[in-house]
file protein16.txt (compact mmCIF, C-alpha atoms)
# COMPACT_ATOMS: atom_id res chain seq x y z
CA MET A 4 -11.11 -164.99 -42.29
CA LYS A 5 -14.66 -164.02 -41.42
CA TYR A 6 -17.42 -165.35 -43.67
CA GLY A 7 -21.18 -164.94 -43.77
CA ILE A 8 -24.10 -166.19 -45.87
CA ALA A 9 -26.81 -163.85 -47.14
CA LEU A 10 -29.26 -163.25 -49.93
CA PHE A 11 -29.80 -159.99 -51.74
CA PRO A 12 -33.37 -159.06 -52.70
CA SER A 13 -34.11 -157.42 -56.07
CA LYS A 14 -32.56 -154.08 -57.01
CA LYS A 15 -36.00 -152.49 -56.56
CA LEU A 16 -36.19 -153.57 -52.91
CA GLN A 17 -32.52 -152.80 -52.27
CA ASP A 18 -33.05 -149.25 -53.56
CA LEU A 19 -36.08 -148.80 -51.29
CA VAL A 20 -34.26 -150.17 -48.25
CA ASN A 21 -31.17 -148.05 -48.97
CA SER A 22 -33.30 -144.89 -48.99
CA TYR A 23 -33.78 -145.54 -45.25
CA ARG A 24 -30.44 -147.21 -44.46
CA LYS A 25 -28.61 -144.15 -45.76
CA ARG A 26 -29.92 -142.25 -42.75
CA TYR A 27 -30.52 -144.99 -40.19
CA ASP A 28 -27.98 -147.80 -40.70
CA PRO A 29 -24.27 -147.29 -39.95
CA HIS A 30 -23.62 -150.47 -42.01
CA TYR A 31 -25.05 -148.76 -45.11
CA ALA A 32 -21.67 -148.58 -46.90
CA LEU A 33 -20.44 -152.03 -45.78
CA ILE A 34 -22.88 -154.33 -47.61
CA PRO A 35 -25.93 -153.94 -49.86
CA PRO A 36 -29.38 -154.57 -48.33
CA HIS A 37 -29.60 -158.27 -47.50
CA LEU A 38 -31.25 -161.05 -45.52
CA THR A 39 -28.70 -162.86 -43.34
CA LEU A 40 -28.97 -166.64 -43.65
CA LYS A 41 -25.96 -167.40 -41.47
CA ASN A 42 -24.17 -165.05 -39.11
CA SER A 43 -20.46 -164.44 -39.52
CA PHE A 44 -18.14 -167.37 -38.79
CA GLU A 45 -14.40 -167.98 -39.04
CA ALA A 46 -12.96 -170.31 -41.69
CA SER A 47 -9.50 -170.89 -43.16
CA ASP A 48 -8.71 -170.83 -46.88
CA SER A 49 -8.84 -174.64 -47.02
CA GLU A 50 -11.99 -174.94 -44.91
CA ILE A 51 -13.84 -172.50 -47.13
CA LYS A 52 -13.35 -174.75 -50.16
CA ASP A 53 -15.17 -177.58 -48.34
CA ILE A 54 -17.82 -175.16 -47.13
CA ALA A 55 -18.38 -173.96 -50.71
CA LYS A 56 -18.85 -177.59 -51.83
CA GLN A 57 -21.42 -178.13 -49.07
CA LEU A 58 -23.24 -174.95 -50.03
CA ASP A 59 -23.29 -176.10 -53.65
CA ALA A 60 -24.95 -179.36 -52.56
CA ILE A 61 -27.42 -177.51 -50.31
CA SER A 62 -28.37 -175.09 -53.09
CA ASP A 63 -28.90 -177.98 -55.52
CA GLN A 64 -31.41 -179.52 -53.10
CA ALA A 65 -33.20 -176.23 -52.40
CA ASN A 66 -35.71 -174.49 -54.65
CA PRO A 67 -36.44 -170.85 -55.47
CA PHE A 68 -38.92 -169.41 -52.98
CA PRO A 69 -41.08 -166.33 -52.52
CA LEU A 70 -39.80 -163.45 -50.42
CA LYS A 71 -42.87 -161.72 -49.03
CA ILE A 72 -42.77 -158.55 -46.98
CA THR A 73 -45.84 -157.16 -45.28
CA LYS A 74 -44.61 -154.86 -42.55
CA VAL A 75 -41.93 -152.88 -40.79
CA SER A 76 -40.95 -154.27 -37.40
CA SER A 77 -38.30 -153.94 -34.69
CA PHE A 78 -36.23 -156.11 -32.33
CA TYR A 79 -36.79 -153.57 -29.52
CA PRO A 80 -36.29 -153.99 -26.55
CA VAL A 81 -33.57 -156.61 -27.36
CA ASN A 82 -31.90 -154.07 -29.61
CA ASN A 83 -32.91 -151.00 -31.61
CA VAL A 84 -32.91 -152.67 -35.01
CA ILE A 85 -35.73 -151.73 -37.40
CA TYR A 86 -36.34 -154.13 -40.26
CA LEU A 87 -38.64 -155.32 -43.02
CA LYS A 88 -40.25 -158.47 -41.70
CA VAL A 89 -39.95 -161.35 -44.16
CA GLU A 90 -42.85 -163.81 -43.92
CA PRO A 91 -41.50 -167.23 -42.96
CA ASN A 92 -42.08 -170.03 -45.45
CA GLU A 93 -41.05 -173.65 -45.58
CA GLN A 94 -38.36 -173.33 -48.24
CA LEU A 95 -36.67 -170.43 -46.47
CA SER A 96 -36.83 -172.26 -43.11
CA ASN A 97 -35.44 -175.41 -44.70
CA LEU A 98 -32.60 -173.46 -46.30
CA HIS A 99 -31.77 -171.83 -42.97
CA GLU A 100 -31.94 -175.23 -41.25
CA SER A 101 -29.56 -176.74 -43.85
CA LEU A 102 -27.07 -173.98 -43.08
CA HIS A 103 -27.18 -174.80 -39.35
CA SER A 104 -27.21 -178.61 -39.27
CA GLY A 105 -25.14 -181.55 -40.53
CA PHE A 106 -21.86 -180.14 -41.81
CA PHE A 107 -22.68 -176.80 -40.17
CA SER A 108 -23.99 -178.16 -36.86
CA GLN A 109 -20.96 -176.93 -34.91
CA GLU A 110 -22.19 -173.38 -35.35
CA SER A 111 -24.33 -171.84 -32.63
CA GLU A 112 -27.72 -170.57 -33.61
CA TYR A 113 -30.28 -168.01 -32.59
CA SER A 114 -33.94 -168.45 -33.41
CA PHE A 115 -34.35 -167.42 -37.04
CA VAL A 116 -36.38 -164.27 -37.63
CA PRO A 117 -35.94 -163.59 -41.35
CA HIS A 118 -35.54 -159.85 -41.89
CA ILE A 119 -33.93 -157.12 -43.95
CA THR A 120 -32.43 -154.44 -41.72
CA ILE A 121 -33.32 -150.84 -42.52
CA GLY A 122 -31.96 -149.16 -39.38
CA GLN A 123 -29.76 -150.05 -36.40
CA ARG A 124 -27.72 -148.57 -33.55
CA LEU A 125 -30.43 -145.94 -33.05
CA SER A 126 -30.92 -144.18 -29.73
CA ASP A 127 -34.18 -145.06 -27.95
CA ASP A 128 -35.74 -141.75 -29.03
CA GLU A 129 -34.59 -142.09 -32.64
CA HIS A 130 -35.79 -145.68 -32.69
CA SER A 131 -39.31 -144.84 -31.59
CA ASP A 132 -39.50 -141.79 -33.92
CA VAL A 133 -38.27 -143.68 -36.97
CA LEU A 134 -40.34 -146.78 -36.27
CA GLY A 135 -43.43 -144.62 -35.80
CA GLN A 136 -42.84 -142.91 -39.16
CA LEU A 137 -42.05 -146.10 -41.05
CA ARG A 138 -45.06 -147.97 -39.70
CA MET A 139 -47.32 -145.42 -41.39
CA HIS A 140 -45.97 -146.45 -44.81
CA LYS A 141 -47.64 -149.49 -46.32
CA VAL A 142 -44.98 -152.03 -47.23
CA LYS A 143 -46.24 -154.76 -49.50
CA HIS A 144 -43.69 -156.55 -51.60
CA GLU A 145 -43.26 -160.01 -53.07
CA GLU A 146 -40.57 -161.43 -55.30
CA GLU A 147 -38.81 -164.71 -56.00
CA ILE A 148 -35.40 -165.56 -54.55
CA ASP A 149 -33.31 -167.95 -56.65
CA ARG A 150 -29.80 -167.56 -55.19
CA PHE A 151 -27.72 -166.84 -52.12
CA HIS A 152 -24.14 -165.73 -51.55
CA LEU A 153 -21.14 -166.64 -49.43
CA LEU A 154 -19.28 -163.44 -48.49
CA TYR A 155 -16.13 -162.52 -46.57
CA GLN A 156 -15.35 -159.42 -44.58
CA LEU A 157 -12.45 -157.09 -45.34
CA GLU A 158 -10.44 -155.31 -42.62
CA ASN A 159 -12.45 -152.12 -43.19
CA GLY A 160 -15.70 -153.97 -42.42
CA MET A 161 -16.95 -154.17 -46.03
CA TRP A 162 -18.15 -157.51 -47.39
CA THR A 163 -16.99 -159.02 -50.69
CA VAL A 164 -18.86 -161.88 -52.38
CA TYR A 165 -16.85 -165.11 -52.57
CA GLU A 166 -19.38 -167.20 -54.43
CA THR A 167 -23.01 -167.31 -55.56
CA PHE A 168 -25.17 -170.41 -55.23
CA LEU A 169 -28.21 -170.84 -57.47
CA LEU A 170 -31.18 -172.61 -55.89
CA GLY A 171 -32.32 -175.79 -57.58
CA LYS A 172 -29.86 -175.43 -60.45
CA GLU A 173 -29.36 -178.41 -62.70
CA SER A 174 -25.63 -179.07 -62.79
CA MET B 5 -30.40 -152.07 -65.19
CA LYS B 6 -26.67 -151.42 -65.29
CA TYR B 7 -24.37 -154.44 -65.10
CA GLY B 8 -20.60 -154.89 -65.04
CA ILE B 9 -18.12 -157.78 -64.88
CA ALA B 10 -15.16 -157.77 -62.50
CA LEU B 11 -12.88 -159.96 -60.47
CA PHE B 12 -11.95 -159.43 -56.86
CA PRO B 13 -8.36 -160.20 -55.82
CA SER B 14 -7.63 -161.90 -52.48
CA LYS B 15 -8.65 -160.30 -49.19
CA LYS B 16 -4.97 -159.56 -48.54
CA LEU B 17 -4.67 -157.46 -51.70
CA GLN B 18 -8.10 -155.87 -51.22
CA ASP B 19 -7.07 -154.76 -47.71
CA LEU B 20 -3.84 -153.25 -49.06
CA VAL B 21 -5.62 -151.45 -51.90
CA ASN B 22 -8.33 -150.17 -49.55
CA SER B 23 -5.72 -148.60 -47.28
CA TYR B 24 -5.05 -146.21 -50.20
CA ARG B 25 -8.55 -146.07 -51.71
CA LYS B 26 -9.93 -144.88 -48.38
CA ARG B 27 -8.08 -141.60 -48.94
CA TYR B 28 -7.76 -141.42 -52.72
CA ASP B 29 -10.76 -143.11 -54.35
CA PRO B 30 -14.26 -141.61 -54.15
CA HIS B 31 -15.61 -145.04 -55.23
CA TYR B 32 -14.18 -146.61 -52.06
CA ALA B 33 -17.60 -147.30 -50.52
CA LEU B 34 -19.30 -148.36 -53.77
CA ILE B 35 -17.45 -151.59 -54.58
CA PRO B 36 -14.57 -153.60 -53.09
CA PRO B 37 -11.17 -153.39 -54.83
CA HIS B 38 -11.51 -155.07 -58.22
CA LEU B 39 -10.19 -155.55 -61.73
CA THR B 40 -12.83 -154.56 -64.30
CA LEU B 41 -13.24 -157.18 -67.03
CA LYS B 42 -16.15 -155.46 -68.76
CA ASN B 43 -17.31 -151.88 -68.30
CA SER B 44 -20.88 -151.19 -67.29
CA PHE B 45 -23.60 -152.05 -69.80
CA GLU B 46 -27.40 -151.99 -69.82
CA ALA B 47 -29.44 -155.21 -69.81
CA SER B 48 -33.04 -156.11 -69.05
CA ASP B 49 -34.11 -158.82 -66.58
CA SER B 50 -34.64 -161.29 -69.42
CA GLU B 51 -31.41 -160.38 -71.25
CA ILE B 52 -29.37 -160.90 -68.10
CA LYS B 53 -30.48 -164.53 -67.88
CA ASP B 54 -29.04 -165.18 -71.37
CA ILE B 55 -25.92 -163.22 -70.46
CA ALA B 56 -25.45 -165.32 -67.32
CA LYS B 57 -25.71 -168.49 -69.43
CA GLN B 58 -23.06 -167.15 -71.81
CA LEU B 59 -20.80 -166.23 -68.89
CA ASP B 60 -21.25 -169.73 -67.51
CA ALA B 61 -20.07 -171.20 -70.83
CA ILE B 62 -17.15 -168.74 -71.03
CA SER B 63 -16.04 -169.54 -67.47
CA ASP B 64 -16.21 -173.28 -68.20
CA GLN B 65 -13.81 -172.79 -71.12
CA ALA B 66 -11.42 -170.52 -69.18
CA ASN B 67 -8.85 -171.63 -66.63
CA PRO B 68 -7.59 -170.14 -63.36
CA PHE B 69 -4.70 -167.76 -64.04
CA PRO B 70 -2.01 -165.87 -62.14
CA LEU B 71 -2.61 -162.25 -61.16
CA LYS B 72 0.81 -160.64 -60.97
CA ILE B 73 1.42 -157.09 -59.82
CA THR B 74 4.81 -155.44 -60.11
CA LYS B 75 4.20 -151.71 -59.95
CA VAL B 76 2.04 -148.71 -59.33
CA SER B 77 1.14 -146.78 -62.49
CA SER B 78 -1.19 -144.04 -63.75
CA PHE B 79 -3.41 -143.22 -66.73
CA TYR B 80 -2.19 -139.60 -66.61
CA PRO B 81 -2.53 -137.48 -68.77
CA VAL B 82 -5.69 -139.24 -70.05
CA ASN B 83 -7.07 -139.13 -66.52
CA ASN B 84 -5.73 -138.95 -63.00
CA VAL B 85 -6.28 -142.61 -62.12
CA ILE B 86 -3.56 -144.32 -60.10
CA TYR B 87 -3.58 -148.11 -60.17
CA LEU B 88 -1.76 -151.35 -59.51
CA LYS B 89 -0.61 -152.55 -62.91
CA VAL B 90 -1.58 -156.18 -63.54
CA GLU B 91 0.86 -158.02 -65.79
CA PRO B 92 -0.98 -159.14 -68.93
CA ASN B 93 -1.08 -162.89 -69.56
CA GLU B 94 -2.71 -165.05 -72.18
CA GLN B 95 -5.53 -166.45 -70.00
CA LEU B 96 -6.55 -162.99 -68.78
CA SER B 97 -6.44 -161.57 -72.33
CA ASN B 98 -8.47 -164.50 -73.64
CA LEU B 99 -11.06 -164.04 -70.89
CA HIS B 100 -11.33 -160.34 -71.68
CA GLU B 101 -11.59 -161.14 -75.40
CA SER B 102 -14.39 -163.67 -74.72
CA LEU B 103 -16.31 -160.94 -72.88
CA HIS B 104 -16.04 -158.60 -75.89
CA SER B 105 -16.66 -160.89 -78.87
CA GLY B 106 -19.31 -163.33 -80.14
CA PHE B 107 -22.39 -162.87 -78.00
CA PHE B 108 -20.89 -159.68 -76.54
CA SER B 109 -19.55 -158.20 -79.80
CA GLN B 110 -22.13 -155.41 -79.82
CA GLU B 111 -20.34 -153.79 -76.91
CA SER B 112 -17.76 -151.12 -77.61
CA GLU B 113 -14.28 -151.68 -76.30
CA TYR B 114 -11.25 -149.74 -75.24
CA SER B 115 -7.81 -151.26 -75.33
CA PHE B 116 -7.54 -153.49 -72.26
CA VAL B 117 -5.07 -152.37 -69.62
CA PRO B 118 -5.69 -154.73 -66.71
CA HIS B 119 -5.48 -152.76 -63.47
CA ILE B 120 -6.77 -152.39 -59.92
CA THR B 121 -7.61 -148.76 -59.18
CA ILE B 122 -6.18 -147.31 -55.98
CA GLY B 123 -6.99 -143.62 -56.57
CA GLN B 124 -9.06 -141.51 -58.95
CA ARG B 125 -10.57 -138.03 -59.48
CA LEU B 126 -7.43 -136.51 -57.99
CA SER B 127 -6.38 -132.97 -58.76
CA ASP B 128 -3.18 -132.68 -60.85
CA ASP B 129 -1.19 -131.73 -57.76
CA GLU B 130 -2.66 -134.51 -55.62
CA HIS B 131 -2.09 -136.99 -58.44
CA SER B 132 1.60 -136.22 -58.78
CA ASP B 133 2.12 -136.17 -54.99
CA VAL B 134 0.34 -139.48 -54.39
CA LEU B 135 1.91 -141.19 -57.38
CA GLY B 136 5.35 -140.02 -56.28
CA GLN B 137 4.78 -141.44 -52.78
CA LEU B 138 3.32 -144.74 -53.96
CA ARG B 139 6.07 -145.36 -56.50
CA MET B 140 8.57 -145.45 -53.64
CA HIS B 141 6.78 -148.50 -52.16
CA LYS B 142 7.79 -151.82 -53.68
CA VAL B 143 4.66 -153.63 -54.83
CA LYS B 144 5.28 -157.27 -55.60
CA HIS B 145 2.30 -159.58 -55.42
CA GLU B 146 1.17 -162.76 -57.10
CA GLU B 147 -1.90 -164.89 -56.57
CA GLU B 148 -4.25 -167.15 -58.50
CA ILE B 149 -7.62 -165.98 -59.81
CA ASP B 150 -10.25 -168.71 -60.13
CA ARG B 151 -13.51 -166.75 -60.48
CA PHE B 152 -15.18 -163.59 -61.72
CA HIS B 153 -18.47 -161.88 -60.93
CA LEU B 154 -21.41 -160.29 -62.73
CA LEU B 155 -22.61 -157.27 -60.74
CA TYR B 156 -25.39 -154.71 -60.99
CA GLN B 157 -25.46 -151.12 -59.82
CA LEU B 158 -27.98 -149.77 -57.30
CA GLU B 159 -29.42 -146.26 -57.50
CA ASN B 160 -26.96 -145.06 -54.84
CA GLY B 161 -24.02 -146.15 -57.02
CA MET B 162 -23.13 -149.27 -54.99
CA TRP B 163 -22.62 -152.58 -56.77
CA THR B 164 -24.28 -155.87 -55.75
CA VAL B 165 -23.06 -159.25 -57.02
CA TYR B 166 -25.60 -161.04 -59.22
CA GLU B 167 -23.61 -164.19 -59.85
CA THR B 168 -20.16 -165.73 -59.50
CA PHE B 169 -18.55 -167.76 -62.27
CA LEU B 170 -15.81 -170.27 -61.42
CA LEU B 171 -13.07 -170.63 -64.03
CA GLY B 172 -12.64 -174.10 -65.52
CA LYS B 173 -15.21 -175.66 -63.21
CA GLU B 174 -16.39 -179.15 -64.03
CA SER B 175 -20.16 -179.03 -64.30
call {"tool": "encode", "arguments": {"input": "protein16.txt", "output": "structure tokens"}}
result
Amino acid sequence: MKYGIALFPSKKLQDLVNSYRKRYDPHYALIPPHLTLKNSFEASDSEIKDIAKQLDAISDQANPFPLKITKVSSFYPVNNVIYLKVEPNEQLSNLHESLHSGFFSQESEYSFVPHITIGQRLSDDEHSDVLGQLRMHKVKHEEEIDRFHLLYQLENGMWTVYETFLLGKES
Amino acid sequence: MKYGIALFPSKKLQDLVNSYRKRYDPHYALIPPHLTLKNSFEASDSEIKDIAKQLDAISDQANPFPLKITKVSSFYPVNNVIYLKVEPNEQLSNLHESLHSGFFSQESEYSFVPHITIGQRLSDDEHSDVLGQLRMHKVKHEEEIDRFHLLYQLENGMWTVYETFLLGKES
């Protein structure tokens, strides 16, 4: 089964992002607006129980952190993905690192550019039009993130949450 | 903000249900296949923190339970909803009761018919056609449920998971 790890920003930010995704992101109906912490990976039913235990331990050691957005950016020319750039911070980097080392070290990793996708699979012309428009809007947003989620993908491409992990919880 | 409480069955059952929902349920893209434990209710950001604490206590006291499905049924003539009928059992009834009494007693309640919707908002003709077809398929399924989720609704109607609660967890 295919799993992934992500965090959802506040409803306010999700609503804003969806107002663009509706037009520019073919994944709009598959998952709410999110920041991917770990790309999709395969795990069996028994493996996922161990993974959930590890994630519980990781979340206990982590702390809530600020999610700060200051601009719209793009992965062009690597691909035509337009996103809200999330300012890196130590807690977020540490959390990402925890999800790609130790128990999880077998997983391959790209350099981590924290982002919330607002458009993808755009043609070159669409991409430059949309990016040009979006860059004229001021995007300033800050909120606190206190949880992340382990999700699995259904056959139709939609993602269902398997479990939520609260950062720094006392348990 | 609008919240609701639901459980998601296994991926296997969600995939099966989605193969019908894709054609027969206009809510197909809004939420994965689910069993509603508590209909949508309003709560503020501060209220939801108390509610999450209560749900944590309720889930600690509950135990995993079997989800058993034996047939396709319908709420007709009340409404044209076609669903997988979930066999009632004591643990499920107790969980539902916990979510509608004590702390939650202010919420109104309908009689609880546990079900997983596979089609809704069908015309009378569509409803009788689809129900007739589906009733010819044998539906026998049993699995264990060990968690439920608190969700909130975005402006576009989609639901995002706020938190997962594990049944009978030791914490």
call {"tool": "interface_residues", "arguments": {"input": "protein16.txt", "of": "chain B", "to": "chain A", "cutoff": "10 Å", "atoms": "only C-alpha atoms", "output": "number ranges by chain"}}
result
B: 5, 12, 14-16, 18-20, 22-23, 26, 32-37, 151-153, 156-160, 162-170, 174-175
call {"tool": "atom_distance", "arguments": {"input": "protein16.txt", "atom1": "CA of Val84 (chain A)", "atom2": "CA of Lys71 (chain A)"}}
result
19.4 Å
call {"tool": "atom_distance", "arguments": {"input": "protein16.txt", "atom1": "CA of His37 (chain A)", "atom2": "CA of Leu155 (chain B)"}}
result
15.0 Å
call {"tool": "residues_around", "arguments": {"input": "protein16.txt", "residues": "Phe106 (chain A)", "least_positions_apart": "3", "cutoff": "12 Å", "atoms": "all atoms listed in the file", "output": "compact mmCIF listing (two decimals) with C-alpha atoms, in the frame of the given file"}}
result
# COMPACT_ATOMS: atom_id res chain seq x y z
CA GLU A 50 -11.99 -174.94 -44.91
CA ASP A 53 -15.17 -177.58 -48.34
CA ILE A 54 -17.82 -175.16 -47.13
CA ALA A 55 -18.38 -173.96 -50.71
CA LYS A 56 -18.85 -177.59 -51.83
CA GLN A 57 -21.42 -178.13 -49.07
CA LEU A 58 -23.24 -174.95 -50.03
CA ALA A 60 -24.95 -179.36 -52.56
CA ILE A 61 -27.42 -177.51 -50.31
CA GLU A 100 -31.94 -175.23 -41.25
CA SER A 101 -29.56 -176.74 -43.85
CA LEU A 102 -27.07 -173.98 -43.08
CA HIS A 103 -27.18 -174.80 -39.35
CA GLN A 109 -20.96 -176.93 -34.91
CA GLU A 110 -22.19 -173.38 -35.35
call {"tool": "residues_around", "arguments": {"input": "protein16.txt", "residues": "Leu38 (chain A)", "least_positions_apart": "6", "cutoff": "10 Å", "atoms": "all atoms listed in the file", "output": "ChimeraX atom specification"}}
result
/A:8-12,87,89,116-120,151
call {"tool": "decode", "arguments": {"input": "protein16.txt", "residues": "region 25-100 of chain A", "atoms": "C-alpha atoms", "output": "short mmCIF file (atom, residue, chain, number, x, y, z; two decimals), in the first residue's frame"}}
result
data_model
loop_
_atom_site.label_atom_id
_atom_site.label_comp_id
_atom_site.auth_asym_id
_atom_site.auth_seq_id
_atom_site.Cartn_x
_atom_site.Cartn_y
_atom_site.Cartn_z
CA LYS A 25 -9.37 24.44 -8.25
CA ARG A 26 -8.19 25.90 -11.55
CA TYR A 27 -4.50 25.02 -11.62
CA ASP A 28 -3.93 21.71 -9.80
CA PRO A 29 -5.21 18.41 -11.22
CA HIS A 30 -4.67 16.91 -7.73
CA TYR A 31 -7.25 19.33 -6.30
CA ALA A 32 -9.81 16.58 -5.55
CA LEU A 33 -7.27 13.98 -4.36
CA ILE A 34 -5.99 15.60 -1.15
CA PRO A 35 -6.53 18.87 0.74
CA PRO A 36 -3.81 21.55 0.50
CA HIS A 37 -0.73 20.21 2.28
CA LEU A 38 3.01 20.36 2.83
CA THR A 39 4.64 17.02 1.99
CA LEU A 40 7.05 15.87 4.69
CA LYS A 41 7.81 12.51 3.10
CA ASN A 42 7.08 11.42 -0.45
CA SER A 43 5.00 8.33 -1.07
CA PHE A 44 6.51 4.99 -0.07
CA GLU A 45 5.33 1.38 -0.03
CA ALA A 46 4.62 -0.43 3.24
CA SER A 47 2.74 -3.58 4.21
CA ASP A 48 0.01 -3.73 6.86
CA SER A 49 2.49 -5.04 9.43
CA GLU A 50 5.26 -2.59 8.50
CA ILE A 51 2.92 0.36 8.86
CA LYS A 52 2.28 -0.50 12.52
CA ASP A 53 6.02 -0.19 13.23
CA ILE A 54 6.20 2.97 11.16
CA ALA A 55 3.32 4.48 13.16
CA LYS A 56 5.19 3.68 16.40
CA GLN A 57 8.30 5.41 15.05
CA LEU A 58 6.27 8.43 13.99
CA ASP A 59 4.73 8.58 17.46
CA ALA A 60 8.23 8.68 18.98
CA ILE A 61 9.39 11.30 16.46
CA SER A 62 6.36 13.51 17.13
CA ASP A 63 6.92 13.26 20.89
CA GLN A 64 10.46 14.60 20.43
CA ALA A 65 9.42 17.38 18.05
CA ASN A 66 7.77 20.67 18.99
CA PRO A 67 5.11 22.84 17.37
CA PHE A 68 6.70 25.29 14.93
CA PRO A 69 5.78 28.37 12.92
CA LEU A 70 4.73 27.98 9.30
CA LYS A 71 5.65 31.23 7.59
CA ILE A 72 4.82 32.04 3.99
CA THR A 73 6.17 35.12 2.27
CA LYS A 74 5.93 34.47 -1.44
CA VAL A 75 4.72 32.51 -4.42
CA SER A 76 7.44 30.58 -6.22
CA SER A 77 7.96 27.88 -8.86
CA PHE A 78 10.12 24.82 -9.54
CA TYR A 79 10.46 25.88 -13.20
CA PRO A 80 12.44 24.81 -15.23
CA VAL A 81 12.63 21.46 -13.34
CA ASN A 82 8.86 21.24 -13.52
CA ASN A 83 5.92 23.63 -13.85
CA VAL A 84 4.85 23.50 -10.22
CA ILE A 85 3.76 26.79 -8.62
CA TYR A 86 3.75 26.86 -4.84
CA LEU A 87 3.65 28.92 -1.67
CA LYS A 88 7.20 28.98 -0.40
CA VAL A 89 7.42 27.99 3.26
CA GLU A 90 10.31 29.66 5.09
CA PRO A 91 12.69 26.98 6.38
CA ASN A 92 13.16 26.81 10.13
CA GLU A 93 15.09 24.51 12.41
CA GLN A 94 12.13 22.57 13.81
CA LEU A 95 10.71 21.87 10.37
CA SER A 96 14.14 20.81 9.04
CA ASN A 97 14.68 18.58 12.06
CA LEU A 98 11.27 16.98 11.60
CA HIS A 99 12.01 16.34 7.92
CA GLU A 100 15.43 14.95 8.84
#
